[in-house]
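Undergrad: My file is protein22.cif. It has mmCIF, C-alpha atoms and all ligand atoms:
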```
data_start
loop_
_atom_site.label_atom_id
_atom_site.label_comp_id
_atom_site.auth_asym_id
_atom_site.auth_seq_id
_atom_site.Cartn_x
_atom_site.Cartn_y
_atom_site.Cartn_z
CA MET A 1 9.77 -2.98 12.84
CA PHE A 2 8.10 -3.00 16.27
CA GLU A 3 9.45 -2.39 19.74
CA LYS A 4 10.52 -5.65 21.38
CA GLY A 5 7.78 -6.84 23.71
CA LEU A 6 4.96 -5.02 21.88
CA LEU A 7 2.61 -7.92 22.75
CA LYS A 8 4.20 -8.95 26.06
CA GLY A 9 1.61 -10.07 28.59
CA LYS A 10 -1.03 -10.78 25.94
CA ARG A 11 -2.60 -14.23 25.76
CA ILE A 12 -3.83 -14.80 22.22
CA LEU A 13 -5.98 -17.52 20.61
CA VAL A 14 -5.62 -17.87 16.82
CA THR A 15 -8.24 -20.16 15.29
CA GLY A 16 -6.80 -22.18 12.41
CA GLY A 17 -3.35 -21.25 13.70
CA GLY A 18 -1.81 -24.58 12.71
CA SER A 19 -1.34 -23.62 9.07
CA GLY A 20 -1.00 -20.81 6.55
CA LEU A 21 -1.71 -17.24 7.59
CA GLY A 22 -2.83 -18.23 11.10
CA ALA A 23 0.56 -19.82 11.76
CA ALA A 24 2.38 -16.80 10.26
CA MET A 25 0.48 -14.39 12.51
CA GLY A 26 0.94 -16.60 15.55
CA ARG A 27 4.68 -16.79 14.99
CA ARG A 28 4.97 -13.00 14.84
CA PHE A 29 2.85 -12.60 17.99
CA VAL A 30 5.24 -14.92 19.86
CA GLU A 31 8.25 -13.00 18.50
CA LEU A 32 6.66 -9.88 19.97
CA GLY A 33 6.30 -11.47 23.41
CA ALA A 34 2.76 -12.87 23.39
CA GLU A 35 1.61 -16.19 24.80
CA LEU A 36 -0.04 -18.10 21.95
CA ILE A 37 -2.73 -20.76 21.71
CA ILE A 38 -3.57 -22.20 18.30
CA CYS A 39 -6.68 -24.27 17.61
CA GLY A 40 -7.99 -26.37 14.74
CA ARG A 41 -9.25 -29.84 13.96
CA ARG A 42 -5.93 -31.54 13.13
CA LEU A 43 -4.12 -32.08 16.43
CA GLU A 44 -0.95 -33.44 14.82
CA LEU A 45 -0.60 -30.36 12.60
CA LEU A 46 -1.17 -28.05 15.57
CA GLU A 47 1.45 -29.86 17.65
CA GLN A 48 4.00 -29.75 14.82
CA THR A 49 3.45 -26.03 14.29
CA ALA A 50 3.63 -25.27 18.01
CA ALA A 51 6.78 -27.37 18.46
CA LEU A 52 8.48 -25.51 15.60
CA MET A 53 7.57 -22.14 17.08
CA ARG A 54 8.80 -23.14 20.54
CA ALA A 55 12.06 -24.46 19.07
CA ASP A 56 12.65 -21.36 16.94
CA LEU A 57 11.41 -18.67 19.29
CA GLY A 58 11.40 -20.17 22.76
CA GLY A 59 8.02 -18.69 23.68
CA LYS A 60 4.94 -20.21 25.31
CA VAL A 61 2.80 -21.85 22.61
CA SER A 62 0.04 -24.35 23.31
CA VAL A 63 -2.60 -26.10 21.24
CA ALA A 64 -6.30 -26.87 21.53
CA ARG A 65 -8.10 -29.31 19.30
CA CYS A 66 -11.47 -27.77 18.48
CA ASP A 67 -13.95 -27.84 15.63
CA ILE A 68 -15.33 -24.31 15.76
CA ARG A 69 -18.49 -25.39 13.89
CA ASP A 70 -19.56 -26.93 17.21
CA GLY A 71 -20.57 -24.25 19.72
CA ALA A 72 -20.42 -26.68 22.66
CA ALA A 73 -16.85 -27.62 21.71
CA VAL A 74 -15.92 -23.93 21.53
CA ASP A 75 -17.29 -23.43 25.06
CA VAL A 76 -15.31 -26.43 26.34
CA MET A 77 -12.12 -25.00 24.80
CA MET A 78 -12.76 -21.52 26.20
CA ASP A 79 -13.50 -22.92 29.69
CA ALA A 80 -10.22 -24.84 29.60
CA LEU A 81 -8.30 -21.76 28.45
CA TRP A 82 -9.91 -19.49 31.04
CA ARG A 83 -9.15 -21.99 33.84
CA GLU A 84 -5.49 -21.14 33.27
CA ALA A 85 -5.92 -17.40 32.59
CA PRO A 86 -8.21 -15.14 30.55
CA LEU A 87 -7.47 -14.56 26.89
CA ASP A 88 -6.68 -10.99 25.85
CA VAL A 89 -7.07 -11.41 22.09
CA LEU A 90 -9.11 -13.67 19.81
CA VAL A 91 -8.10 -13.94 16.15
CA ASN A 92 -10.91 -15.37 14.01
CA ASN A 93 -8.77 -16.83 11.24
CA ALA A 94 -10.17 -20.33 10.59
CA ALA A 95 -12.36 -20.53 7.49
CA ALA A 96 -13.19 -22.72 4.53
CA THR A 97 -13.89 -22.06 0.87
CA PHE A 98 -13.79 -23.67 -2.57
CA ILE A 99 -14.66 -22.50 -6.06
CA ALA A 100 -17.91 -23.79 -7.53
CA GLN A 101 -20.70 -22.69 -9.82
CA THR A 102 -23.27 -21.57 -7.28
CA GLU A 103 -26.16 -23.38 -8.96
CA HIS A 104 -24.28 -26.65 -8.39
CA LEU A 105 -23.92 -26.15 -4.63
CA SER A 106 -25.95 -28.53 -2.49
CA PHE A 107 -27.28 -27.17 0.80
CA ARG A 108 -24.64 -29.28 2.55
CA ALA A 109 -21.92 -27.71 0.41
CA ALA A 110 -23.13 -24.21 1.32
CA ASP A 111 -23.17 -25.19 4.98
CA ALA A 112 -19.64 -26.62 4.71
CA ILE A 113 -18.43 -23.05 4.09
CA LEU A 114 -20.89 -21.07 6.21
CA ALA A 115 -20.47 -23.27 9.31
CA PRO A 116 -16.78 -22.59 10.04
CA THR A 117 -16.48 -19.18 8.37
CA LEU A 118 -19.61 -17.51 9.77
CA HIS A 119 -20.94 -19.61 12.63
CA GLY A 120 -17.50 -20.60 13.89
CA ALA A 121 -16.35 -16.97 14.04
CA MET A 122 -19.58 -15.99 15.80
CA TYR A 123 -19.31 -18.83 18.36
CA CYS A 124 -15.69 -17.96 19.20
CA THR A 125 -16.49 -14.25 19.46
CA LEU A 126 -19.52 -14.89 21.69
CA ALA A 127 -17.62 -17.31 23.91
CA ALA A 128 -14.70 -14.91 24.43
CA GLY A 129 -16.87 -11.78 24.67
CA LYS A 130 -19.20 -13.20 27.34
CA ARG A 131 -16.25 -14.17 29.50
CA TRP A 132 -14.58 -10.78 29.06
CA ILE A 133 -17.76 -8.91 29.93
CA GLU A 134 -18.55 -11.10 32.97
CA THR A 135 -15.15 -10.30 34.47
CA ALA A 136 -14.75 -6.74 33.12
CA HIS A 137 -11.61 -7.92 31.28
CA LYS A 138 -10.51 -5.93 28.22
CA GLY A 139 -10.29 -7.81 24.93
CA VAL A 140 -9.66 -7.52 21.20
CA VAL A 141 -11.27 -9.56 18.42
CA LEU A 142 -9.43 -9.51 15.08
CA SER A 143 -11.22 -11.24 12.20
CA ILE A 144 -9.44 -12.22 8.98
CA LEU A 145 -11.91 -11.42 6.20
CA SER A 146 -11.56 -10.82 2.45
CA THR A 147 -11.99 -8.07 -0.13
CA SER A 148 -15.08 -10.03 -1.21
CA THR A 149 -16.74 -8.03 1.60
CA ILE A 150 -16.32 -4.99 -0.69
CA THR A 151 -16.64 -6.42 -4.20
CA GLY A 152 -18.66 -9.60 -3.69
CA ARG A 153 -17.08 -12.58 -5.44
CA ALA A 154 -18.51 -14.89 -8.09
CA PHE A 155 -17.94 -18.64 -7.64
CA THR A 156 -17.18 -18.39 -3.92
CA VAL A 157 -20.56 -17.03 -2.88
CA PRO A 158 -20.93 -18.70 0.55
CA SER A 159 -17.46 -17.46 1.52
CA ALA A 160 -18.26 -13.90 0.37
CA MET A 161 -21.54 -14.07 2.33
CA ALA A 162 -19.86 -15.34 5.48
CA LYS A 163 -17.01 -12.82 5.37
CA SER A 164 -19.49 -9.96 4.84
CA ALA A 165 -21.51 -11.15 7.81
CA VAL A 166 -18.42 -11.20 10.02
CA LEU A 167 -17.63 -7.66 8.87
CA ALA A 168 -21.15 -6.68 9.98
CA MET A 169 -20.41 -8.33 13.34
CA THR A 170 -17.13 -6.38 13.60
CA LYS A 171 -18.85 -3.04 13.00
CA SER A 172 -21.86 -3.82 15.19
CA LEU A 173 -19.88 -5.06 18.18
CA ALA A 174 -17.53 -2.09 17.97
CA VAL A 175 -20.47 0.00 19.14
CA GLU A 176 -22.07 -2.52 21.50
CA TRP A 177 -18.93 -3.87 23.18
CA GLY A 178 -16.63 -0.84 22.81
CA PRO A 179 -18.05 0.66 26.04
CA LYS A 180 -17.27 -2.68 27.75
CA GLY A 181 -13.59 -2.47 26.82
CA ILE A 182 -13.65 -4.78 23.80
CA ARG A 183 -12.33 -3.66 20.42
CA THR A 184 -13.35 -5.46 17.22
CA VAL A 185 -11.19 -5.04 14.11
CA ALA A 186 -10.62 -6.87 10.83
CA ILE A 187 -8.19 -7.34 7.97
CA ALA A 188 -9.15 -8.01 4.34
CA PRO A 189 -6.15 -9.75 2.79
CA GLY A 190 -5.76 -9.99 -0.97
CA ALA A 191 -3.78 -12.89 -2.43
CA PHE A 192 -1.39 -14.41 0.11
CA PRO A 193 -0.52 -17.84 -1.31
CA THR A 194 -0.88 -20.70 1.17
CA PRO A 195 -1.33 -24.42 0.50
CA GLY A 196 -4.92 -24.11 1.81
CA ALA A 197 -5.94 -21.21 -0.41
CA SER A 198 -4.15 -22.53 -3.49
CA GLY A 199 -5.67 -25.97 -3.03
CA GLN A 200 -9.21 -24.65 -2.71
CA LEU A 201 -9.13 -21.70 -5.09
CA ARG A 202 -6.39 -22.33 -7.64
CA PRO A 203 -6.86 -25.73 -9.29
CA GLU A 204 -4.44 -26.70 -12.01
CA GLY A 205 -5.22 -24.82 -15.20
CA ARG A 206 -6.68 -21.75 -13.53
CA ASP A 207 -5.28 -18.44 -14.74
CA GLU A 208 -2.07 -17.77 -12.82
CA GLY A 209 -2.66 -14.01 -12.79
CA TRP A 210 -2.66 -13.53 -8.99
CA ALA A 211 0.56 -11.51 -9.15
CA SER A 212 0.48 -10.04 -12.65
CA LYS A 213 -3.05 -8.62 -12.24
CA ASN A 214 -2.14 -6.90 -8.98
CA PRO A 215 -1.37 -3.17 -9.36
CA LEU A 216 1.88 -3.79 -7.48
CA GLY A 217 2.74 -6.82 -9.62
CA ARG A 218 3.06 -9.24 -6.73
CA VAL A 219 1.20 -11.24 -4.12
CA GLY A 220 1.29 -10.48 -0.41
CA GLU A 221 4.03 -11.67 1.94
CA HIS A 222 2.91 -13.48 5.08
CA GLY A 223 5.09 -11.18 7.18
CA GLU A 224 3.18 -8.15 5.90
CA LEU A 225 -0.09 -9.59 7.17
CA ALA A 226 1.52 -10.65 10.46
CA ASP A 227 2.84 -7.12 11.01
CA LEU A 228 -0.53 -5.50 10.38
CA ALA A 229 -2.27 -8.01 12.65
CA SER A 230 0.31 -7.38 15.41
CA PHE A 231 -0.29 -3.65 15.24
CA LEU A 232 -4.09 -3.97 15.21
CA ILE A 233 -4.21 -6.17 18.30
CA SER A 234 -1.62 -4.12 20.17
CA ASP A 235 -2.41 -1.34 22.63
CA ARG A 236 -0.85 1.09 20.12
CA ALA A 237 -3.98 0.58 17.99
CA GLY A 238 -6.20 1.20 20.99
CA TYR A 239 -8.31 3.83 19.19
CA ILE A 240 -9.04 1.65 16.11
CA ASN A 241 -12.44 0.03 16.53
CA GLY A 242 -14.93 -1.43 14.03
CA GLU A 243 -12.49 -0.96 11.17
CA MET A 244 -11.45 -3.37 8.39
CA VAL A 245 -8.02 -2.69 6.91
CA VAL A 246 -7.51 -3.85 3.31
CA LEU A 247 -4.10 -5.40 2.58
CA ASP A 248 -4.16 -6.32 -1.10
CA GLY A 249 -1.83 -4.02 -3.05
CA GLY A 250 -4.91 -2.25 -4.48
CA SER A 251 -6.10 -5.40 -6.23
CA HIS A 252 -9.82 -5.09 -5.43
CA LEU A 253 -9.84 -1.66 -7.09
CA ARG A 254 -9.17 -3.48 -10.39
CA SER A 255 -11.33 -6.58 -10.05
CA SER A 256 -12.88 -8.95 -7.53
CA GLY A 257 -10.34 -11.59 -8.57
CA ALA A 258 -12.84 -14.10 -9.94
CA GLU A 259 -13.45 -12.74 -13.44
CA ASP A 260 -11.18 -15.28 -15.14
CA LEU A 261 -13.63 -17.98 -14.02
CA LEU A 262 -16.37 -16.42 -16.16
CA GLN A 263 -14.39 -17.74 -19.16
CA TRP A 264 -14.34 -21.32 -17.86
CA THR A 265 -16.12 -23.82 -20.08
CA ASP A 266 -18.69 -26.34 -18.88
CA ALA A 267 -16.00 -28.98 -19.41
CA GLN A 268 -13.63 -27.17 -17.04
CA TRP A 269 -16.30 -26.95 -14.35
CA GLU A 270 -17.19 -30.59 -14.91
CA LYS A 271 -13.51 -31.50 -14.41
CA GLN A 272 -13.42 -29.42 -11.22
CA ARG A 273 -16.48 -31.19 -9.80
CA ALA A 274 -15.09 -34.58 -10.77
CA ALA A 275 -11.78 -33.80 -9.07
CA ARG A 276 -13.68 -33.04 -5.87
CA SER A 277 -15.76 -36.23 -5.95
CA LYS A 278 -12.61 -38.34 -6.54
CA GLY A 279 -10.79 -36.63 -3.70
C1 LIG B 1 -12.72 -16.04 -1.28
C2 LIG B 1 -11.34 -15.58 -0.80
C3 LIG B 1 -11.17 -15.48 0.66
C4 LIG B 1 -11.14 -16.75 1.33
C5 LIG B 1 -10.02 -17.53 1.25
C6 LIG B 1 -9.97 -18.72 2.03
O1 LIG B 1 -10.84 -19.03 2.80
S1 LIG B 1 -8.60 -19.64 1.87
C7 LIG B 1 -8.75 -20.95 3.07
C8 LIG B 1 -9.04 -22.20 2.39
N1 LIG B 1 -8.89 -23.26 3.37
C9 LIG B 1 -9.85 -24.15 3.58
O2 LIG B 1 -10.88 -24.18 2.95
C10 LIG B 1 -9.51 -25.14 4.66
C11 LIG B 1 -10.72 -25.73 5.29
N2 LIG B 1 -11.44 -26.60 4.33
C12 LIG B 1 -12.21 -27.61 4.71
O3 LIG B 1 -12.41 -27.82 5.89
C13 LIG B 1 -12.79 -28.50 3.64
O4 LIG B 1 -12.00 -28.47 2.48
C14 LIG B 1 -14.25 -28.11 3.26
C15 LIG B 1 -15.13 -27.95 4.50
C16 LIG B 1 -14.32 -26.85 2.45
C17 LIG B 1 -14.82 -29.24 2.42
O5 LIG B 1 -14.69 -30.42 3.19
P1 LIG B 1 -14.97 -31.84 2.58
O6 LIG B 1 -14.35 -31.92 1.22
O7 LIG B 1 -14.59 -32.81 3.64
O8 LIG B 1 -16.47 -31.75 2.40
P2 LIG B 1 -17.58 -32.58 3.15
O9 LIG B 1 -17.32 -34.04 2.95
O10 LIG B 1 -17.77 -32.06 4.54
O11 LIG B 1 -18.77 -32.19 2.23
C18 LIG B 1 -19.72 -31.21 2.54
C19 LIG B 1 -20.47 -30.87 1.26
O12 LIG B 1 -19.66 -29.97 0.50
C20 LIG B 1 -19.54 -30.44 -0.83
N3 LIG B 1 -18.27 -30.00 -1.38
C21 LIG B 1 -17.07 -30.08 -0.77
N4 LIG B 1 -16.11 -29.60 -1.59
C22 LIG B 1 -16.74 -29.20 -2.73
C23 LIG B 1 -16.31 -28.61 -3.93
N5 LIG B 1 -15.02 -28.33 -4.13
N6 LIG B 1 -17.24 -28.30 -4.87
C24 LIG B 1 -18.53 -28.58 -4.66
N7 LIG B 1 -19.01 -29.13 -3.52
C25 LIG B 1 -18.11 -29.45 -2.59
C26 LIG B 1 -19.64 -31.94 -0.69
O13 LIG B 1 -19.98 -32.54 -1.95
C27 LIG B 1 -20.74 -32.08 0.36
O14 LIG B 1 -22.00 -31.88 -0.18
P3 LIG B 1 -22.99 -33.14 -0.55
O15 LIG B 1 -22.31 -33.87 -1.68
O16 LIG B 1 -23.06 -33.99 0.68
O17 LIG B 1 -24.29 -32.51 -0.90
N1 LIG B 2 -4.54 -17.04 1.66
C1 LIG B 2 -5.23 -16.07 1.07
O1 LIG B 2 -4.89 -15.60 -0.02
C2 LIG B 2 -6.42 -15.50 1.75
C3 LIG B 2 -6.85 -15.98 2.96
N2 LIG B 2 -7.91 -15.37 3.58
C4 LIG B 2 -8.32 -15.84 4.90
O2 LIG B 2 -7.21 -16.10 5.70
C5 LIG B 2 -7.53 -17.13 6.64
C6 LIG B 2 -6.49 -18.22 6.62
O3 LIG B 2 -6.44 -18.82 5.34
P1 LIG B 2 -5.18 -19.66 4.82
O4 LIG B 2 -4.12 -19.61 5.82
O5 LIG B 2 -4.93 -19.22 3.44
O6 LIG B 2 -5.79 -21.15 4.69
P2 LIG B 2 -5.64 -22.48 5.57
O7 LIG B 2 -6.45 -23.51 4.85
O8 LIG B 2 -4.21 -22.77 5.85
O9 LIG B 2 -6.32 -22.06 6.95
C7 LIG B 2 -7.53 -22.48 7.41
C8 LIG B 2 -7.34 -22.95 8.84
O10 LIG B 2 -8.61 -23.05 9.44
C9 LIG B 2 -8.69 -24.25 10.15
N3 LIG B 2 -10.08 -24.69 10.17
C10 LIG B 2 -10.87 -24.92 9.09
N4 LIG B 2 -12.07 -25.36 9.50
C11 LIG B 2 -12.04 -25.39 10.85
C12 LIG B 2 -12.95 -25.78 11.85
N5 LIG B 2 -14.16 -26.24 11.53
N6 LIG B 2 -12.59 -25.68 13.15
C13 LIG B 2 -11.35 -25.23 13.49
N7 LIG B 2 -10.43 -24.86 12.59
C14 LIG B 2 -10.76 -24.94 11.29
C15 LIG B 2 -7.79 -25.23 9.42
O11 LIG B 2 -7.28 -26.24 10.29
P3 LIG B 2 -7.96 -27.70 10.39
O12 LIG B 2 -8.22 -28.14 8.99
O13 LIG B 2 -6.91 -28.50 11.11
O14 LIG B 2 -9.19 -27.53 11.19
C16 LIG B 2 -6.67 -24.31 8.93
O15 LIG B 2 -5.63 -24.28 9.89
C17 LIG B 2 -8.94 -17.60 6.27
O16 LIG B 2 -9.88 -16.89 7.05
C18 LIG B 2 -9.07 -17.15 4.84
O17 LIG B 2 -10.41 -16.98 4.46
C19 LIG B 2 -8.58 -14.32 3.03
C20 LIG B 2 -8.20 -13.83 1.82
C21 LIG B 2 -7.11 -14.40 1.07
#
```
For the file at hand, write its structure as C-alpha cells.
TA:
Amino acid sequence: MFEKGLLKGKRILVTGGGSGLGAAMGRRFVELGAELIICGRRLELLEQTAALMRADLGGKVSVARCDIRDGAAVDVMMDALWREAPLDVLVNNAAATFIAQTEHLSFRAADAILAPTLHGAMYCTLAAGKRWIETAHKGVVLSILSTSTITGRAFTVPSAMAKSAVLAMTKSLAVEWGPKGIRTVAIAPGAFPTPGASGQLRPEGRDEGWASKNPLGRVGEHGELADLASFLISDRAGYINGEMVVLDGGSHLRSSGAEDLLQWTDAQWEKQRAARSKG
C-alpha cells in the first residue's frame, strides 16, 4: 500500500507497544523502514514482541521498561533514548480502562485509569516535546484516542475523560508547537478486538454486538489502524496537524457503544465487581 521505506530514518517510540494495537502499529512501522522502541511495564512481554519483530522483519527494535504514570521514570527513559539519538515520533498508545458503574468507582479506581491514559500521555508528550524544542528537532506526536471523545461513553467515564483531555492536548499543541516543527495528530479507533480491550470491556455475558451493530457489519482489522498510523506519522501527512481521524466503520454515528450496559441488572454488575475482586 505504501512506498517501501516510507518511514526510513524515523526513530519511533510506541508506548504500550508490547501488545495489541501498539504492537500492530510498531510492526508496520518497522516494515516501512523505521527504527522502533516499544515501552511498557512488562519487560518479558516487550522482549518477546521485539524478538518476534526482529525475527520476522529483520529491523532494529528495542525495548524500554517504563511505567508512564511516573514522570521521573519517563524522563529517565527519554534521556536514555536521546543519548543514542533523538526520537522523531512519539505514539501515545498505552492506556487503561475497565467497565464499571461510575458511582461504584473509588478515587483510586478513577486514578488507575486517569494516571496512565491522561497523565502518562502528557508526561511522554512533554518529555519528547521539550527535547525536540531544545534542539530544534522536528517531531510528531500521534495519540491513540477513542470515539468516546465525540460521544462520551457511559460506564467507562474516566477513560472517556482522559481521551477527551488528550484530544484537547492534540488540538492545543498543534497551534503552540506547530511553529516549532512539531505536529500533533490522533486516531479514534472503534472496535479493534485485542486481548486487553476484550478483557477489560467485554466480560463473559456482555452483548456480542461489536460487529453486528457496526454499519459495516464488522470490527476493525489491526492492519487498517497500522496503515492509518503510518500515514499520519509520515512526511506525506506533513500538512495534517491537530486533527483526530476516526476509524470505526461509522459506528459512533449509531451509538456510543455502551448502550447495552444500560440493560444490565444489579446482579450482573455485582458479578462484574466480584470477578474483579477475585482476580
Ligand atoms: C473506552 C474505549 C476506549 C478505550 C479502550 C481501551 O483502553 S482498551 C485497553 C485496555 N487495556 C488495559 O486496560 C491494560 C492496562 N490495564 C491495567 O493496567 C489494569 O488492568 C488497571 C490499571 C486498569 C487496573 O489494575 P489493577 O487491577 O491492578 O488495579 P489496582 O490494584 O491498581 O487497583 C486500583 C483501583 O482500581 C480498582 N479497580 C481495578 N479494576 C477495577 C474494576 N474492574 N472495577 C472497579 N474497580 C476496579 C481497584 O479496586 C482499586 O481501587 P481500591 O479498591 O483500592 O479503591
Ligand atoms: N482495542 C480497541 O478496540 C480500542 C483501543 N483503543 C486504544 O488503543 C490503545 C491500545 O489498546 P489495546 O491494544 O486494545 O490494549 P492493550 O491492553 O493491549 O494495550 C495497552 C498497553 O498499554 C501498556 N500500559 C498500560 N499501562 C501502562 C503504564 N502505566 N505504563 C506503560 N505502559 C502501560 C500495556 O503494557 P503493560 O501492561 O506491560 O504496561 C499494554 O501494552 C489504547 O490507548 C486504547 O485505549 C481505543 C479504542 C478501541
Undergrad: I'd like to know which of A:Thr170, A:Ser159, A:Thr147, A:Gln272 is closest to Pro116 in chain A, using all atoms listed in the file.
TA: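 Among the listed residues, the smallest separation from Pro116 in chain A belongs to A:Ser159.
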Undergrad: Can you pull out every residue with an atom within 7 Å of ligand LIG 1 (chain B)? Use all atoms listed in the file and format it as a ChimeraX atom specification.
TA: /A:95-100,105-110,112-113,145-146,148,153,156,159-160,196-197,200,273,276-277
Undergrad: Can you write out the residues you just picked, keeping C-alpha atoms, as a JSON list (two decimals), keeping the file's coordinate frame?
TA:
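And here's part-v7.json as it stands now:
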```
[["chain", "number", "residue", "atom", "x", "y", "z"],
["A", 95, "ALA", "CA", -12.36, -20.53, 7.49],
["A", 96, "ALA", "CA", -13.19, -22.72, 4.53],
["A", 97, "THR", "CA", -13.89, -22.06, 0.87],
["A", 98, "PHE", "CA", -13.79, -23.67, -2.57],
["A", 99, "ILE", "CA", -14.66, -22.50, -6.06],
["A", 100, "ALA", "CA", -17.91, -23.79, -7.53],
["A", 105, "LEU", "CA", -23.92, -26.15, -4.63],
["A", 106, "SER", "CA", -25.95, -28.53, -2.49],
["A", 107, "PHE", "CA", -27.28, -27.17, 0.80],
["A", 108, "ARG", "CA", -24.64, -29.28, 2.55],
["A", 109, "ALA", "CA", -21.92, -27.71, 0.41],
["A", 110, "ALA", "CA", -23.13, -24.21, 1.32],
["A", 112, "ALA", "CA", -19.64, -26.62, 4.71],
["A", 113, "ILE", "CA", -18.43, -23.05, 4.09],
["A", 145, "LEU", "CA", -11.91, -11.42, 6.20],
["A", 146, "SER", "CA", -11.56, -10.82, 2.45],
["A", 148, "SER", "CA", -15.08, -10.03, -1.21],
["A", 153, "ARG", "CA", -17.08, -12.58, -5.44],
["A", 156, "THR", "CA", -17.18, -18.39, -3.92],
["A", 159, "SER", "CA", -17.46, -17.46, 1.52],
["A", 160, "ALA", "CA", -18.26, -13.90, 0.37],
["A", 196, "GLY", "CA", -4.92, -24.11, 1.81],
["A", 197, "ALA", "CA", -5.94, -21.21, -0.41],
["A", 200, "GLN", "CA", -9.21, -24.65, -2.71],
["A", 273, "ARG", "CA", -16.48, -31.19, -9.80],
["A", 276, "ARG", "CA", -13.68, -33.04, -5.87],
["A", 277, "SER", "CA", -15.76, -36.23, -5.95]]
```
Undergrad: Taking all atoms listed in the file into account, report as a PDB file with C-alpha atoms, in the coordinates of the input which residues have an atom no farther than 6 Å from an atom of ligand LIG 2 (chain B).
TA:
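Saved to part.pdb:
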```
ATOM      1  CA  THR A  15      -8.240 -20.160  15.290  1.00  0.00           C
ATOM      2  CA  GLY A  16      -6.800 -22.180  12.410  1.00  0.00           C
ATOM      3  CA  GLY A  17      -3.350 -21.250  13.700  1.00  0.00           C
ATOM      4  CA  GLY A  18      -1.810 -24.580  12.710  1.00  0.00           C
ATOM      5  CA  SER A  19      -1.340 -23.620   9.070  1.00  0.00           C
ATOM      6  CA  GLY A  20      -1.000 -20.810   6.550  1.00  0.00           C
ATOM      7  CA  LEU A  21      -1.710 -17.240   7.590  1.00  0.00           C
ATOM      8  CA  GLY A  22      -2.830 -18.230  11.100  1.00  0.00           C
ATOM      9  CA  GLY A  40      -7.990 -26.370  14.740  1.00  0.00           C
ATOM     10  CA  ARG A  41      -9.250 -29.840  13.960  1.00  0.00           C
ATOM     11  CA  ARG A  42      -5.930 -31.540  13.130  1.00  0.00           C
ATOM     12  CA  CYS A  66     -11.470 -27.770  18.480  1.00  0.00           C
ATOM     13  CA  ASP A  67     -13.950 -27.840  15.630  1.00  0.00           C
ATOM     14  CA  ILE A  68     -15.330 -24.310  15.760  1.00  0.00           C
ATOM     15  CA  ARG A  69     -18.490 -25.390  13.890  1.00  0.00           C
ATOM     16  CA  ASN A  93      -8.770 -16.830  11.240  1.00  0.00           C
ATOM     17  CA  ALA A  94     -10.170 -20.330  10.590  1.00  0.00           C
ATOM     18  CA  ALA A  95     -12.360 -20.530   7.490  1.00  0.00           C
ATOM     19  CA  ALA A  96     -13.190 -22.720   4.530  1.00  0.00           C
ATOM     20  CA  PRO A 116     -16.780 -22.590  10.040  1.00  0.00           C
ATOM     21  CA  ILE A 144      -9.440 -12.220   8.980  1.00  0.00           C
ATOM     22  CA  LEU A 145     -11.910 -11.420   6.200  1.00  0.00           C
ATOM     23  CA  SER A 146     -11.560 -10.820   2.450  1.00  0.00           C
ATOM     24  CA  PRO A 189      -6.150  -9.750   2.790  1.00  0.00           C
ATOM     25  CA  GLY A 190      -5.760  -9.990  -0.970  1.00  0.00           C
ATOM     26  CA  ALA A 191      -3.780 -12.890  -2.430  1.00  0.00           C
ATOM     27  CA  PHE A 192      -1.390 -14.410   0.110  1.00  0.00           C
ATOM     28  CA  PRO A 193      -0.520 -17.840  -1.310  1.00  0.00           C
ATOM     29  CA  THR A 194      -0.880 -20.700   1.170  1.00  0.00           C
ATOM     30  CA  GLY A 196      -4.920 -24.110   1.810  1.00  0.00           C
ATOM     31  CA  ALA A 197      -5.940 -21.210  -0.410  1.00  0.00           C
TER      32      ALA A 197
END
```
Undergrad: Adding 5 Å on each side of the box along x, y and z that holds all listed atoms of range 18-29 of chain A, could you give its centre and edge lengths in Å to one decimal, as JSON?
TA:
```
{"center_x": 1.1, "center_y": -18.6, "center_z": 12.3, "size_x": 17.8, "size_y": 22.0, "size_z": 21.4}
```
Undergrad: I'd like the neighbourhood of Arg183 in chain A as JSON, numbers by chain, where a residue qualifies if any of its atoms comes within 10 Å (using only C-alpha atoms), though same-chain residues fewer than 4 positions away should be ignored.
TA: {"A": [89, 138, 139, 140, 141, 142, 170, 171, 173, 174, 175, 176, 177, 178, 179, 232, 233, 237, 238, 239, 240, 241, 242, 243]}
Undergrad: At what distance in Å, to one decimal, does CA of Asp70 in chain A lie from CA of Ile38 in chain A?
TA: 16.7 Å
Undergrad: Measuring between all atoms listed in the file, which one of A:Lys163, A:Arg218, A:Lys213, A:Lys180 shows the shortest distance to Ser255 in chain A?
TA: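 Result for the nearest residue to Ser255 in chain A: A:Lys213.
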Undergrad: Skip Ala72 in chain A itself and residues of its chain fewer than 6 positions away, then list as a list in words all residues within 12 Å of it, counting all atoms listed in the file.
TA: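 Within the cut-off, the hits are Cys66, Met78, Asp79, Gly120, Tyr123, Cys124, Leu126 and Ala127 of chain A.
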Undergrad: Find the residues with any atom within 7 Å of (-9.4, -14.9, 20.9); use all atoms listed in the file and the coordinates as given in the file, and write the answer as a list of chain:residue names.
TA: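 Using all atoms listed in the file, the matching residues come out as A:Ile12, A:Leu13, A:Val14, A:Leu87, A:Asp88, A:Val89, A:Leu90, A:Val91, A:Ala128, A:Val141.
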Undergrad: I'd like to know which of A:Gly205, A:Gly223, A:Pro86, A:Gly26 is closest to Met53 in chain A, using all atoms listed in the file.
TA: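 Nearest to Met53 in chain A: A:Gly26.
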Undergrad: For Pro215 in chain A, which residue among A:Ala55, A:Ala50, A:Val74, A:Leu253 is the nearest when counting all atoms listed in the file?
TA: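 Counting all atoms listed in the file, the residue closest to Pro215 in chain A is A:Leu253.
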Undergrad: Using all atoms listed in the file, determine which residues lie at most 9 Å from Arg28 in chain A, disregarding the query and same-chain residues fewer than 6 positions distant; provide the list as a list of chain:residue names.
TA: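 The contact residues come out as A:Ala34, A:Gly223, A:Ala226, A:Asp227, A:Ser230.
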Undergrad: Counting only C-alpha atoms, figure out which residue out of A:Pro158, A:Asp266, A:Glu44, A:Arg131 gets nearest to Arg83 in chain A.
TA: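 Closest to Arg83 in chain A of all the choices is A:Arg131.
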Undergrad: Measure the distance from CA of Met25 in chain A to CA of Leu225 in chain A in Å and round it to one decimal.
TA: 7.2 Å
Undergrad: Work out how far CA of Gly58 in chain A is from CA of His137 in chain A, in Å to one decimal.
TA: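 If I compute the distance from CA of His137 in chain A to CA of Gly58 in chain A, I get 27.4 Å.
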Undergrad: Check the smallest atom-to-atom distance from each of A:Ser234, A:Ser143, A:Thr184, A:Thr102 to Gly9 in chain A using only C-alpha atoms, then report the winner.
TA: A:Ser234
